[in-house]
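Participant: Sending over model.txt (compact mmCIF, C-alpha atoms and all ligand atoms).
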```
# COMPACT_ATOMS: atom_id res chain seq x y z
CA MET A 1 -115.47 22.53 -95.36
CA THR A 2 -113.41 24.83 -93.23
CA ASP A 3 -115.35 27.76 -91.90
CA LEU A 4 -112.89 30.64 -91.52
CA HIS A 5 -113.81 33.72 -89.59
CA VAL A 6 -111.40 36.66 -89.41
CA MET A 7 -112.14 39.16 -86.67
CA ASP A 8 -110.62 42.33 -85.30
CA ALA A 9 -108.68 41.40 -82.20
CA THR A 10 -109.98 42.77 -78.91
CA SER A 11 -108.68 42.61 -75.36
CA ASP A 12 -110.87 39.51 -74.89
CA ASN A 13 -108.74 37.61 -77.41
CA VAL A 14 -105.33 38.24 -75.87
CA ASP A 15 -104.76 34.77 -74.42
CA GLN A 16 -105.88 33.05 -77.62
CA ILE A 17 -103.58 35.24 -79.70
CA VAL A 18 -100.60 34.58 -77.44
CA ALA A 19 -101.31 30.85 -77.76
CA VAL A 20 -101.51 31.01 -81.59
CA ILE A 21 -98.26 32.99 -81.82
CA HIS A 22 -96.48 30.49 -79.57
CA HIS A 23 -97.83 27.47 -81.46
CA ALA A 24 -96.83 28.97 -84.79
CA PHE A 25 -93.35 30.16 -83.88
CA SER A 26 -92.35 27.16 -81.78
CA ALA A 27 -93.17 24.89 -84.73
CA ARG A 28 -90.87 26.87 -86.99
CA ARG A 29 -87.27 25.73 -87.27
CA VAL A 30 -84.95 27.67 -85.03
CA LEU A 31 -83.20 30.49 -86.82
CA ASP A 32 -80.07 32.34 -85.90
CA PRO A 33 -80.69 34.87 -84.48
CA PRO A 34 -84.00 33.43 -83.26
CA SER A 35 -87.27 35.28 -83.60
CA THR A 36 -88.34 37.19 -80.54
CA ALA A 37 -91.95 36.06 -81.07
CA LEU A 38 -91.78 33.50 -78.28
CA SER A 39 -91.22 36.25 -75.78
CA GLU A 40 -94.66 37.70 -76.53
CA ASN A 41 -96.98 37.35 -73.54
CA ALA A 42 -100.37 38.57 -72.43
CA THR A 43 -98.97 41.94 -71.42
CA THR A 44 -97.12 42.69 -74.66
CA VAL A 45 -99.95 41.42 -76.87
CA ALA A 46 -102.60 43.33 -74.90
CA ALA A 47 -100.55 46.50 -75.27
CA ALA A 48 -100.10 45.95 -79.02
CA ILE A 49 -103.80 45.34 -79.55
CA ALA A 50 -104.81 48.34 -77.49
CA GLN A 51 -102.53 50.58 -79.51
CA TYR A 52 -102.90 49.36 -83.09
CA GLY A 53 -105.20 46.34 -83.15
CA GLY A 54 -104.71 42.99 -84.82
CA LEU A 55 -106.56 40.04 -86.25
CA LEU A 56 -107.67 36.68 -84.95
CA VAL A 57 -108.86 33.90 -87.26
CA ARG A 58 -111.17 31.16 -86.06
CA SER A 59 -111.38 27.98 -88.06
CA ASN A 60 -114.59 26.11 -87.25
CA GLY A 61 -114.67 28.16 -84.08
CA VAL A 62 -111.13 27.33 -82.95
CA PRO A 63 -108.33 29.96 -82.87
CA ALA A 64 -106.12 29.19 -85.89
CA GLY A 65 -104.30 32.36 -86.88
CA ALA A 66 -103.38 35.78 -85.62
CA MET A 67 -101.36 38.88 -86.39
CA LEU A 68 -100.62 42.18 -84.69
CA PHE A 69 -100.66 45.58 -86.36
CA GLU A 70 -98.35 48.52 -85.98
CA GLU A 71 -98.69 51.88 -87.73
CA ILE A 72 -95.65 53.86 -88.71
CA GLY A 73 -96.40 56.93 -90.81
CA ASP A 74 -98.39 55.80 -93.85
CA VAL A 75 -97.52 52.15 -93.33
CA LEU A 76 -99.38 49.28 -91.69
CA ASN A 77 -96.82 46.80 -90.38
CA LEU A 78 -97.94 43.21 -89.96
CA ARG A 79 -96.24 41.61 -86.96
CA ARG A 80 -96.21 38.07 -85.61
CA VAL A 81 -98.11 36.70 -88.58
CA SER A 82 -99.02 33.31 -87.16
CA VAL A 83 -100.89 30.22 -88.28
CA ASP A 84 -101.25 27.37 -85.83
CA PRO A 85 -99.52 24.42 -87.56
CA ARG A 86 -102.61 22.26 -87.03
CA HIS A 87 -104.52 24.64 -89.28
CA GLN A 88 -102.00 25.14 -92.03
CA GLY A 89 -103.03 24.68 -95.66
CA HIS A 90 -106.58 25.93 -95.18
CA GLY A 91 -106.16 29.49 -96.34
CA VAL A 92 -105.89 30.97 -92.85
CA ALA A 93 -102.92 33.17 -93.74
CA SER A 94 -104.47 34.31 -97.04
CA ALA A 95 -107.69 35.26 -95.32
CA MET A 96 -105.76 37.28 -92.76
CA VAL A 97 -103.73 39.11 -95.40
CA GLY A 98 -106.86 40.09 -97.31
CA CYS A 99 -108.40 41.52 -94.13
CA ALA A 100 -105.19 43.28 -93.12
CA GLU A 101 -105.10 45.06 -96.50
CA GLU A 102 -108.70 46.15 -96.00
CA VAL A 103 -107.77 47.51 -92.60
CA ALA A 104 -104.89 49.47 -94.14
CA VAL A 105 -107.17 51.01 -96.77
CA GLN A 106 -109.85 51.84 -94.20
CA ARG A 107 -107.26 53.55 -92.02
CA GLY A 108 -106.02 55.57 -94.99
CA LEU A 109 -102.58 53.94 -94.94
CA ASN A 110 -100.94 53.60 -98.32
CA ARG A 111 -98.68 50.61 -97.78
CA VAL A 112 -98.61 47.29 -95.97
CA GLN A 113 -95.23 46.02 -94.86
CA LEU A 114 -93.78 43.06 -93.00
CA ILE A 115 -90.50 41.37 -92.23
CA ALA A 116 -89.77 37.87 -93.55
CA ARG A 117 -86.67 35.88 -92.74
CA VAL A 118 -84.31 35.24 -95.63
CA GLU A 119 -83.95 31.63 -94.43
CA LEU A 120 -87.64 30.93 -95.11
CA PRO A 121 -88.10 31.05 -98.90
CA ASP A 122 -91.57 29.49 -98.79
CA THR A 123 -92.75 32.32 -96.61
CA VAL A 124 -91.20 34.88 -98.94
CA GLU A 125 -92.89 33.16 -101.89
CA PHE A 126 -96.25 33.30 -100.08
CA TRP A 127 -95.95 37.09 -99.84
CA ARG A 128 -94.67 37.53 -103.40
CA ARG A 129 -97.70 35.68 -104.75
CA ARG A 130 -99.85 38.24 -102.97
CA GLY A 131 -98.10 41.16 -104.63
CA TYR A 132 -95.49 41.95 -101.99
CA SER A 133 -92.01 43.03 -103.14
CA LEU A 134 -88.66 43.28 -101.47
CA VAL A 135 -87.94 46.90 -100.57
CA GLU A 136 -84.98 46.46 -98.27
CA GLN A 137 -82.80 43.82 -96.67
CA GLN A 138 -81.39 44.19 -93.16
CA ASP A 139 -79.15 41.20 -92.44
CA HIS A 140 -81.53 38.22 -92.20
CA ASN A 141 -84.62 40.35 -92.42
CA LEU A 142 -86.31 40.96 -95.74
CA ILE A 143 -88.63 43.94 -95.70
CA LEU A 144 -91.53 43.16 -98.01
CA ALA A 145 -94.13 45.72 -98.91
CA LYS A 146 -97.16 46.32 -101.10
CA ALA A 147 -98.79 49.60 -102.05
CA MET A 148 -102.52 49.81 -101.37
CA PRO A 149 -105.14 51.06 -103.84
CA ILE A 150 -106.53 54.48 -103.18
CA GLU A 151 -110.02 55.75 -103.89
CA LEU A 152 -110.98 59.34 -104.45
CA THR A 153 -114.26 61.10 -105.04
CA VAL A 154 -113.75 63.69 -107.76
CA PRO A 155 -116.45 66.38 -107.92
CA THR A 156 -115.36 68.32 -111.03
CA ALA A 157 -113.24 68.10 -114.15
CA ASP A 158 -110.83 70.61 -112.63
CA ASP A 159 -110.44 68.34 -109.60
CA MET A 160 -109.68 65.46 -111.96
CA ARG A 161 -106.96 67.55 -113.65
CA ALA A 162 -105.58 68.59 -110.28
CA ILE A 163 -105.21 64.95 -109.26
CA GLY A 164 -103.39 64.14 -112.50
CA GLU A 165 -101.15 67.13 -111.97
CA GLU A 166 -100.23 66.12 -108.43
CA LEU A 167 -99.64 62.52 -109.43
CA ALA A 168 -97.34 63.68 -112.23
CA GLY A 169 -95.01 64.98 -109.55
CA ARG A 170 -94.49 61.41 -108.33
CA LEU A 171 -93.86 59.92 -111.77
CA ARG A 172 -90.62 59.28 -113.57
CA ALA A 173 -89.49 57.99 -116.93
CA GLY A 174 -90.56 54.39 -117.42
CA ASP A 175 -93.81 54.68 -115.50
CA VAL A 176 -96.93 53.26 -117.10
CA LEU A 177 -100.54 54.17 -116.32
CA VAL A 178 -103.41 52.09 -117.63
CA LEU A 179 -106.70 54.00 -117.68
CA SER A 180 -110.10 52.41 -117.88
CA GLY A 181 -113.63 53.73 -117.67
CA ASP A 182 -116.55 54.36 -120.03
CA LEU A 183 -116.57 56.95 -122.78
CA GLY A 184 -116.76 60.37 -121.15
CA ALA A 185 -115.68 59.08 -117.76
CA GLY A 186 -112.73 61.45 -117.58
CA LYS A 187 -109.67 59.50 -118.69
CA THR A 188 -108.49 62.18 -121.09
CA THR A 189 -109.29 64.89 -118.54
CA PHE A 190 -107.07 63.09 -116.03
CA THR A 191 -104.33 62.80 -118.66
CA GLN A 192 -104.55 66.57 -119.27
CA GLY A 193 -103.64 67.05 -115.62
CA LEU A 194 -100.72 64.68 -116.01
CA GLY A 195 -99.55 66.66 -119.03
CA ALA A 196 -99.74 69.91 -117.06
CA GLY A 197 -97.80 68.40 -114.18
CA LEU A 198 -95.15 66.97 -116.48
CA LYS A 199 -94.97 70.29 -118.34
CA VAL A 200 -95.25 68.74 -121.76
CA ARG A 201 -95.95 70.36 -125.10
CA GLY A 202 -99.23 70.19 -126.96
CA ASP A 203 -102.88 69.90 -126.04
CA ILE A 204 -103.95 66.55 -124.74
CA THR A 205 -107.15 65.59 -126.49
CA SER A 206 -109.18 62.49 -127.20
CA PRO A 207 -107.67 61.66 -130.55
CA THR A 208 -110.06 60.83 -133.32
CA PHE A 209 -107.63 59.16 -135.66
CA VAL A 210 -104.35 59.24 -133.87
CA ILE A 211 -103.77 56.26 -131.64
CA SER A 212 -100.56 57.34 -130.01
CA ARG A 213 -99.09 60.76 -129.50
CA VAL A 214 -95.81 61.85 -127.96
CA HIS A 215 -95.80 65.08 -125.95
CA PRO A 216 -92.19 66.13 -125.34
CA SER A 217 -91.28 67.75 -122.07
CA LEU A 218 -90.70 71.50 -122.01
CA ALA A 219 -88.89 71.18 -118.70
CA GLY A 220 -86.22 68.59 -119.36
CA GLY A 221 -88.31 65.79 -117.86
CA PRO A 222 -89.78 62.68 -119.41
CA ALA A 223 -92.13 62.95 -122.38
CA LEU A 224 -95.75 61.89 -122.07
CA VAL A 225 -96.77 59.16 -124.48
CA HIS A 226 -100.56 59.21 -124.72
CA VAL A 227 -102.14 56.14 -126.27
CA ASP A 228 -105.84 55.79 -126.95
CA ALA A 229 -106.44 52.11 -127.52
CA TYR A 230 -110.19 52.54 -128.17
CA ARG A 231 -109.81 51.73 -131.83
CA LEU A 232 -106.99 49.30 -131.42
CA GLY A 233 -107.84 45.85 -132.69
CA GLY A 234 -105.93 44.05 -130.01
CA ILE A 235 -102.61 43.22 -128.53
CA ALA A 236 -100.95 42.74 -131.95
CA GLU A 237 -101.77 46.33 -132.94
CA LEU A 238 -100.55 47.57 -129.59
CA ASP A 239 -97.28 45.82 -130.33
CA ASP A 240 -97.20 47.56 -133.72
CA LEU A 241 -97.10 50.91 -131.96
CA ASP A 242 -93.66 49.88 -130.78
CA LEU A 243 -94.15 51.47 -127.39
CA ASP A 244 -91.26 49.46 -126.04
CA ALA A 245 -88.94 51.87 -127.82
CA SER A 246 -90.17 54.84 -125.78
CA LEU A 247 -91.28 53.09 -122.62
CA ASP A 248 -88.10 53.61 -120.65
CA ASP A 249 -87.75 57.30 -121.49
CA ALA A 250 -91.33 58.44 -121.16
CA VAL A 251 -94.37 58.32 -118.93
CA THR A 252 -96.82 56.19 -120.89
CA VAL A 253 -100.58 56.53 -120.46
CA VAL A 254 -102.88 54.07 -122.18
CA GLU A 255 -106.58 54.89 -122.31
CA TRP A 256 -108.77 51.83 -122.86
CA GLY A 257 -105.70 49.81 -122.04
CA HIS A 258 -107.41 47.43 -119.66
CA GLY A 259 -106.83 43.85 -120.76
CA LEU A 260 -104.30 45.04 -123.34
CA ALA A 261 -101.57 47.10 -121.80
CA GLU A 262 -100.90 45.00 -118.72
CA SER A 263 -98.37 43.04 -120.73
CA LEU A 264 -96.46 46.27 -121.34
CA ALA A 265 -95.35 46.64 -117.78
CA ALA A 266 -95.24 44.60 -114.61
CA ASP A 267 -94.96 47.92 -112.77
CA ARG A 268 -97.87 50.21 -113.40
CA LEU A 269 -100.76 52.19 -112.02
CA ASP A 270 -104.14 50.82 -113.00
CA ILE A 271 -106.56 53.73 -112.90
CA VAL A 272 -110.31 53.22 -113.07
CA VAL A 273 -112.71 56.12 -113.52
CA THR A 274 -116.41 55.54 -112.92
CA ARG A 275 -119.43 57.72 -112.89
CA GLY A 276 -122.67 57.00 -111.08
CA ASP A 277 -126.06 56.28 -112.64
CA ASP A 278 -127.39 59.79 -112.04
CA ASP A 279 -126.80 61.76 -115.27
CA THR A 280 -127.14 65.09 -113.46
CA ASP A 281 -124.26 64.25 -111.12
CA GLU A 282 -120.80 64.95 -112.55
CA THR A 283 -118.97 63.33 -109.63
CA ARG A 284 -116.51 60.62 -110.59
CA GLU A 285 -114.93 57.90 -108.50
CA LEU A 286 -111.25 57.38 -109.15
CA ARG A 287 -109.49 54.23 -108.09
CA ILE A 288 -105.71 54.03 -108.35
CA ILE A 289 -104.28 50.55 -108.02
CA PRO A 290 -100.49 50.38 -107.82
CA VAL A 291 -99.04 47.17 -109.24
CA GLY A 292 -95.49 45.87 -108.92
CA PRO A 293 -92.26 46.57 -107.06
CA ARG A 294 -92.03 50.13 -108.42
CA TRP A 295 -94.71 51.31 -106.00
CA ALA A 296 -93.97 49.03 -103.06
CA ALA A 297 -91.39 51.31 -101.49
CA SER A 298 -93.27 54.59 -101.89
CA GLY A 299 -96.95 53.84 -102.24
CA VAL A 300 -99.26 56.31 -103.92
CA ARG A 301 -100.65 59.35 -102.21
CA VAL A 302 -102.85 62.14 -103.52
CA SER A 303 -103.61 65.02 -101.20
CA VAL A 304 -104.84 67.80 -103.48
CA LEU A 305 -108.52 67.24 -102.65
CA GLU A 306 -107.97 67.14 -98.89
CA LYS A 307 -109.65 70.31 -97.75
CA ASN A 308 -108.18 72.03 -94.72
N1 LIG B 1 -115.63 65.07 -112.09
C1 LIG B 1 -115.24 65.02 -113.38
N2 LIG B 1 -114.12 64.35 -113.71
C2 LIG B 1 -113.73 64.26 -114.99
N3 LIG B 1 -114.40 64.81 -116.03
C3 LIG B 1 -115.53 65.48 -115.76
C4 LIG B 1 -115.99 65.62 -114.43
N4 LIG B 1 -117.13 66.33 -114.45
C5 LIG B 1 -117.35 66.63 -115.73
N5 LIG B 1 -116.41 66.13 -116.54
C6 LIG B 1 -116.41 66.25 -118.01
O1 LIG B 1 -116.60 64.95 -118.55
C7 LIG B 1 -115.88 64.82 -119.77
C8 LIG B 1 -114.89 63.66 -119.68
O2 LIG B 1 -114.38 63.42 -120.96
P1 LIG B 1 -113.03 62.70 -121.25
O3 LIG B 1 -112.02 63.07 -120.24
O4 LIG B 1 -112.69 62.90 -122.69
O5 LIG B 1 -113.49 61.18 -121.00
P2 LIG B 1 -112.79 59.83 -121.53
O6 LIG B 1 -111.42 60.15 -122.00
O7 LIG B 1 -112.85 58.93 -120.33
O8 LIG B 1 -113.68 59.33 -122.62
C9 LIG B 1 -115.17 66.13 -120.01
O9 LIG B 1 -115.98 66.93 -120.84
C10 LIG B 1 -115.10 66.74 -118.61
O10 LIG B 1 -115.05 68.15 -118.62
MG MG B 2 -110.45 59.76 -123.85
```
Would you encode the structure as structure tokens?
Ligand SMILES: Nc1ncnc2c1ncn2[C@@H]1O[C@H](COP(=O)(O)OP(=O)(O)O)[C@@H](O)[C@H]1O
Ligand SMILES: [Mg+2]
Facilitator:
Amino acid sequence: MTDLHVMDATSDNVDQIVAVIHHAFSARRVLDPPSTALSENATTVAAAIAQYGGLLVRSNGVPAGAMLFEEIGDVLNLRRVSVDPRHQGHGVASAMVGCAEEVAVQRGLNRVQLIARVELPDTVEFWRRRGYSLVEQQDHNLILAKAMPIELTVPTADDMRAIGEELAGRLRAGDVLVLSGDLGAGKTTFTQGLGAGLKVRGDITSPTFVISRVHPSLAGGPALVHVDAYRLGGIAELDDLDLDASLDDAVTVVEWGHGLAESLAADRLDIVVTRGDDDTDETRELRIIPVGPRWAASGVRVSVLEKN
């Protein structure tokens, strides 16, 4: 058994991190132009860690992996992602990526980004499997990014609508939102906010008999297609709704879509509304999980509840 331990890098780890970076990058085949990683030294790494931090992985106590962080705006950049070749194939890189994403979320950053070389398809594939998408190519450098989930505490129904309304401003035709949460959690309330933001016609309600309803835009924007899959028998009935026909032209929201609607769209926002055990507390927790390339370049940000 390999015992992996990922830790926040400190100034005490500088020499070990320099060693891991050098082991990793000198084992890589030489590219043209070559990586500048081998010019990292104790001074540059110490400065990077002091400014933005980084990670060190120990495998059975021995330094095995490292990366350096950099923050630019809302983005956490992963630099010098390194696994000592003697420790490859033991999940060192995966463990580091998981921790780096946690760091990004804790720091309130909405995307994680890194540069991979176009000549190294296995590396690119590693990142793709973890949900990273190509957002830009600069010569030999592929810029890969992933949007981070965001979590919001929502005190009132009006706050829930306000979040939907703000989010609507970032949506465009073709976007899909999959809402989950218990009955009464606030999925329809959130959708009402979306409808207000998209300036669509008609009241948005929890339909009793209607499974899918189209709310046309009053402002020349995309329509809102509101699906309540609560009574849907399964994926076959979802197919019967023929959402594909409207998907590209509308913003589609599927309540109770979890486990059903994912097949509709590789790009989507999974939105989970939960309420605590205390019946007297109306506070909801809202988790927005961006999935797919659509969100990789922009990330998701909601600022309406940030009090000044
Ligand atoms: N913080 C809150 N967020 C969302 N809804 C809330 C909140 N506090 C109270 N509510 C109320 O809870 C109910 C949520 O119902 P609804 O949105 O229809 O849930 P769902 O569609 O998930 O079944 C509404 O009556 C709403 O006014
Ligand atoms: Mg509902």
Participant: Give the padded box for range 137-143 of chain A as AutoDock Vina command-line options: axis-aligned, covering all atoms listed in the file, 4 Å on each side, centre and edge lengths in Å to one decimal.
Facilitator:
```
--center_x -83.9 --center_y 41.2 --center_z -94.4 --size_x 17.5 --size_y 14.0 --size_z 12.5
```
Participant: One decimal, Å: what's the distance from atom O1 of ligand LIG 1 (chain B) over to CA of Thr189 in chain A, could you say?
Facilitator: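 Separation between atom O1 of ligand LIG 1 (chain B) and CA of Thr189 in chain A: 7.3 Å.
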Participant: So how far away is CA of Glu151 in chain A from atom N1 of ligand LIG 1 (chain B), in Å?
Facilitator: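 These atoms are spaced 13.6 Å apart.
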Participant: What is the distance between CA of Val251 in chain A and CA of Arg161 in chain A, in Å to one decimal?
Facilitator: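 If I compute the distance from CA of Val251 in chain A to CA of Arg161 in chain A, I get 16.5 Å.
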Participant: Once you count only C-alpha atoms and all ligand atoms, what closest atom pair and distance in Å to one decimal does each residue of chain A within 12 Å of ligand MG 2 (chain B) have, with rows by chain and rising residue number, as CSV?
Facilitator:
```
residue,atom,partner,partner_atom,distance
A:Leu179,CA,B:MG2,MG,9.2
A:Ser180,CA,B:MG2,MG,9.5
A:Gly181,CA,B:MG2,MG,9.2
A:Asp182,CA,B:MG2,MG,9.0
A:Leu183,CA,B:MG2,MG,6.8
A:Gly184,CA,B:MG2,MG,6.9
A:Ala185,CA,B:MG2,MG,8.1
A:Gly186,CA,B:MG2,MG,6.9
A:Lys187,CA,B:MG2,MG,5.2
A:Thr188,CA,B:MG2,MG,4.2
A:Thr189,CA,B:MG2,MG,7.5
A:Phe190,CA,B:MG2,MG,9.1
A:Thr191,CA,B:MG2,MG,8.6
A:Gln192,CA,B:MG2,MG,10.1
A:Ile204,CA,B:MG2,MG,9.4
A:Thr205,CA,B:MG2,MG,7.2
A:Ser206,CA,B:MG2,MG,4.5
A:Pro207,CA,B:MG2,MG,7.5
A:Thr208,CA,B:MG2,MG,9.5
A:Val210,CA,B:MG2,MG,11.7
A:Ile211,CA,B:MG2,MG,10.8
A:Ser212,CA,B:MG2,MG,11.9
A:His226,CA,B:MG2,MG,9.9
A:Val227,CA,B:MG2,MG,9.4
A:Asp228,CA,B:MG2,MG,6.8
A:Ala229,CA,B:MG2,MG,9.4
A:Tyr230,CA,B:MG2,MG,8.4
A:Arg231,CA,B:MG2,MG,11.3
A:Val253,CA,B:MG2,MG,10.9
A:Val254,CA,B:MG2,MG,9.6
A:Glu255,CA,B:MG2,MG,6.4
A:Trp256,CA,B:MG2,MG,8.2
A:Gly257,CA,B:MG2,MG,11.2
A:Val273,CA,B:MG2,MG,11.2
```
Participant: From (-99.4, 46.9, -113.7), in the file's coordinates, out to 7 Å: which residues are reached, counting all atoms listed in the file? Answer as number ranges by chain.
Facilitator: A: 262, 265-270, 290-292
